[in-house]
Amino acid sequence: MPNKMPNKITYVFNKINRNIFATLKNTVGDLIEYFSAKSFRYFVGLFIVVMSIIALFLPSAYVVEEPGPTQDVLGKSFGKYVINVKNSAVKNTDYKSSSKSGKLLLVTVNTSGIPGYEIPNIYAIASWFDSKKQVLPREVLVPVNQNASDYKKETNKQMASSQSSAQVAALDYAKKHLNVNVKNVKIKLHIDDIGGPSAGMMYALGILNKLTNTDLTGGKIIAGTGTIDNSGKVGAIGGIRLKMISAKRDGAKWFLSPNSNCNEVVGNIPQGLKVVSVKTLDDAYKALVKIKAGKNLDSLRTCKAESGR
């Protein structure tokens, strides 16, 4: 008996094809009729809409900054102490037990849109409406024509220079102001995935904390930012509004700010965060001493409009 199943399958398949073809034919006809009735202005508008949608997903010429992670310079990063001080002449048996809860936080900003990691325009536009983000032209942060590799090398170079200056400033301060013998002291700094010069002051304070074997935090979480030079002068940094948000998010009650950043600080301090303005490593160290003691806090310099000029 002949098998008629293949003929039935062929019949069904052909019928489906005819239905699809008829549907497509009708659809194309309807579209032609629809567009034929439209004016030239309609097509211009449609073209603009389509191109605008495409443009939203093209690489942006802007970068977006947002609050980044913090790092306790007294603690560990990837299993290694951020600051390792050897041969300190100062001995303090109470140091380890008294410093368990305190932290000195360096603060960072996450940046999207640097060379090699461009963001779409739609993300940059959306970020304009987010109060916890900041949108900047790329050339504000990255020189024109600098590629991803050069940018990373530059930020790493800035970080290395910052760490070197922090060591020089801290050792000099300890010798001159704290009467510490620093002759045989060896310092190693370890940090990953953080670039730029803005952690210099916090490195210097962390070195002093470990060099003197003294808990400068008083068990408190204290954050801060600022460049530092060999003489101990604290300089301005970028993104301080976002860095204060990072500090507050990670539990800091106090924040040390470069005096030269005060105009950006005023009006942007997160609720519950107290900001102290500092010009030098000496200012920062003495601020920690007062915060630890909980006395004479009213004498701490705060940021006021125009004070950073």
# chains A, B, ... in the order shown; residues from 1 in each chain; ligands from 1
>>> select_by_dssp(residues="segment 195-282 of chain A", states="strand (DSSP E)", output="PyMOL selection string")
chain A and resi 221-224+227-228+234-235+254-258+274-278
>>> residues_around(residues="segment 265-282 of chain A", least_positions_apart="6", cutoff="8 Å", atoms="only C-alpha atoms", output="PyMOL selection string")
chain A and resi 169+173+201+204-205+228+232-235+240-241+244-245+248+252-259+300-305
>>> residues_around(residues="Ile187 of chain A", least_positions_apart="2", cutoff="7 Å", atoms="only C-alpha atoms", output="list of chain:residue names")
A:Asn84, A:Val85, A:Lys86, A:Val185, A:Leu189
>>> write_last_selection(atoms="N, CA and C atoms", output="PDB file, in the first residue's frame")
ATOM      1  N   ASN A  84      53.277  48.762  55.433  1.00  0.00           N
ATOM      2  CA  ASN A  84      54.104  47.891  56.258  1.00  0.00           C
ATOM      3  C   ASN A  84      55.336  48.667  56.704  1.00  0.00           C
ATOM      4  N   VAL A  85      55.431  48.920  57.999  1.00  0.00           N
ATOM      5  CA  VAL A  85      56.556  49.673  58.557  1.00  0.00           C
ATOM      6  C   VAL A  85      57.426  48.734  59.382  1.00  0.00           C
ATOM      7  N   LYS A  86      58.702  48.700  59.061  1.00  0.00           N
ATOM      8  CA  LYS A  86      59.648  47.856  59.792  1.00  0.00           C
ATOM      9  C   LYS A  86      60.698  48.714  60.497  1.00  0.00           C
ATOM     10  N   VAL A 185      64.254  52.905  59.523  1.00  0.00           N
ATOM     11  CA  VAL A 185      62.876  52.546  59.175  1.00  0.00           C
ATOM     12  C   VAL A 185      62.751  52.190  57.693  1.00  0.00           C
ATOM     13  N   LEU A 189      54.527  50.115  50.690  1.00  0.00           N
ATOM     14  CA  LEU A 189      53.108  50.393  50.465  1.00  0.00           C
ATOM     15  C   LEU A 189      52.583  49.429  49.417  1.00  0.00           C
TER      16      LEU A 189
END
>>> residues_around(residues="Asn209 of chain A", least_positions_apart="5", cutoff="10 Å", atoms="only C-alpha atoms", output="list in words")
Val73, Leu74, Ile83, Val85, Tyr95, Ser99, Leu104, Ala170, Tyr203, Ala204, Thr214, Asp215, Leu216, Thr217 and Tyr285 of chain A
>>> write_last_selection(atoms="N, CA and C atoms", output="PDB file, in the first residue's frame")
ATOM      1  N   VAL A  73      43.763  52.299  55.092  1.00  0.00           N
ATOM      2  CA  VAL A  73      45.218  52.246  54.914  1.00  0.00           C
ATOM      3  C   VAL A  73      45.909  51.552  56.087  1.00  0.00           C
ATOM      4  N   LEU A  74      45.171  51.312  57.171  1.00  0.00           N
ATOM      5  CA  LEU A  74      45.732  50.573  58.304  1.00  0.00           C
ATOM      6  C   LEU A  74      45.480  49.076  58.174  1.00  0.00           C
ATOM      7  N   ILE A  83      50.066  49.325  54.336  1.00  0.00           N
ATOM      8  CA  ILE A  83      51.291  49.977  54.822  1.00  0.00           C
ATOM      9  C   ILE A  83      52.032  49.020  55.749  1.00  0.00           C
ATOM     10  N   VAL A  85      55.431  48.920  57.999  1.00  0.00           N
ATOM     11  CA  VAL A  85      56.556  49.673  58.557  1.00  0.00           C
ATOM     12  C   VAL A  85      57.426  48.734  59.382  1.00  0.00           C
ATOM     13  N   TYR A  95      48.955  49.211  71.374  1.00  0.00           N
ATOM     14  CA  TYR A  95      48.545  49.639  70.034  1.00  0.00           C
ATOM     15  C   TYR A  95      47.597  48.655  69.357  1.00  0.00           C
ATOM     16  N   SER A  99      43.509  49.504  68.443  1.00  0.00           N
ATOM     17  CA  SER A  99      43.282  50.014  67.090  1.00  0.00           C
ATOM     18  C   SER A  99      42.421  49.098  66.229  1.00  0.00           C
ATOM     19  N   LEU A 104      41.404  54.388  58.919  1.00  0.00           N
ATOM     20  CA  LEU A 104      41.747  55.585  58.151  1.00  0.00           C
ATOM     21  C   LEU A 104      41.464  55.257  56.694  1.00  0.00           C
ATOM     22  N   ALA A 170      55.987  61.907  55.823  1.00  0.00           N
ATOM     23  CA  ALA A 170      55.705  61.272  57.113  1.00  0.00           C
ATOM     24  C   ALA A 170      56.980  61.078  57.931  1.00  0.00           C
ATOM     25  N   TYR A 203      47.915  58.192  53.052  1.00  0.00           N
ATOM     26  CA  TYR A 203      49.085  57.320  53.186  1.00  0.00           C
ATOM     27  C   TYR A 203      50.016  57.855  54.269  1.00  0.00           C
ATOM     28  N   ALA A 204      50.266  59.160  54.234  1.00  0.00           N
ATOM     29  CA  ALA A 204      51.174  59.772  55.213  1.00  0.00           C
ATOM     30  C   ALA A 204      50.649  59.589  56.635  1.00  0.00           C
ATOM     31  N   THR A 214      50.852  54.063  67.420  1.00  0.00           N
ATOM     32  CA  THR A 214      49.813  54.767  68.170  1.00  0.00           C
ATOM     33  C   THR A 214      48.523  54.769  67.365  1.00  0.00           C
ATOM     34  N   ASP A 215      47.423  54.426  68.015  1.00  0.00           N
ATOM     35  CA  ASP A 215      46.133  54.457  67.336  1.00  0.00           C
ATOM     36  C   ASP A 215      45.656  55.898  67.212  1.00  0.00           C
ATOM     37  N   LEU A 216      45.792  56.453  66.022  1.00  0.00           N
ATOM     38  CA  LEU A 216      45.376  57.845  65.801  1.00  0.00           C
ATOM     39  C   LEU A 216      43.877  57.985  65.582  1.00  0.00           C
ATOM     40  N   THR A 217      43.173  56.868  65.423  1.00  0.00           N
ATOM     41  CA  THR A 217      41.745  56.942  65.107  1.00  0.00           C
ATOM     42  C   THR A 217      40.864  57.007  66.347  1.00  0.00           C
ATOM     43  N   TYR A 285      47.346  65.726  61.101  1.00  0.00           N
ATOM     44  CA  TYR A 285      47.762  64.938  62.269  1.00  0.00           C
ATOM     45  C   TYR A 285      47.126  65.499  63.543  1.00  0.00           C
TER      46      TYR A 285
END
>>> residues_around(residues="Ser198 of chain A", least_positions_apart="2", cutoff="9 Å", atoms="only C-alpha atoms", output="MDAnalysis selection string")
chainID A and resid 106:108 158:159 162 195:196 200:202 225:228 235:238
>>> write_last_selection(atoms="C-alpha atoms", output="compact mmCIF listing (two decimals), in the first residue's frame")
# COMPACT_ATOMS: atom_id res chain seq x y z
CA LEU A 106 41.30 56.61 51.54
CA VAL A 107 38.42 57.32 49.18
CA THR A 108 38.12 56.84 45.44
CA GLN A 158 50.92 59.59 39.84
CA MET A 159 50.14 56.98 42.49
CA SER A 162 52.11 60.12 45.75
CA GLY A 195 45.60 55.24 40.53
CA GLY A 196 46.19 58.96 40.78
CA GLY A 200 48.86 60.92 49.45
CA MET A 201 47.71 62.55 52.68
CA MET A 202 46.00 59.40 53.94
CA THR A 225 41.69 62.81 50.64
CA GLY A 226 44.34 65.14 49.30
CA THR A 227 47.63 65.12 47.46
CA ILE A 228 50.82 65.63 49.43
CA GLY A 235 46.78 69.82 47.71
CA ALA A 236 43.42 69.80 45.93
CA ILE A 237 41.91 66.73 44.30
CA GLY A 238 39.03 66.02 41.94
>>> residues_around(residues="Leu56 of chain A", least_positions_apart="5", cutoff="8 Å", atoms="only C-alpha atoms", output="NGL selection string")
:A and (120-122)
>>> select_by_dssp(residues="segment 33-248 of chain A", states="alpha helix (DSSP H)", output="ChimeraX atom specification")
/A:33-36,40-56,95-98,121-128,138-141,148-177,200-211,240-248
>>> atom_distance(atom1="atom CA of Asn156 of chain A", atom2="atom CA of Lys210 of chain A")
24.3 Å
>>> closest_residue(among="A:Glu118, A:Asp130, A:Asn19, A:Val82", to="Leu242 of chain A", atoms="only C-alpha atoms")
A:Asp130
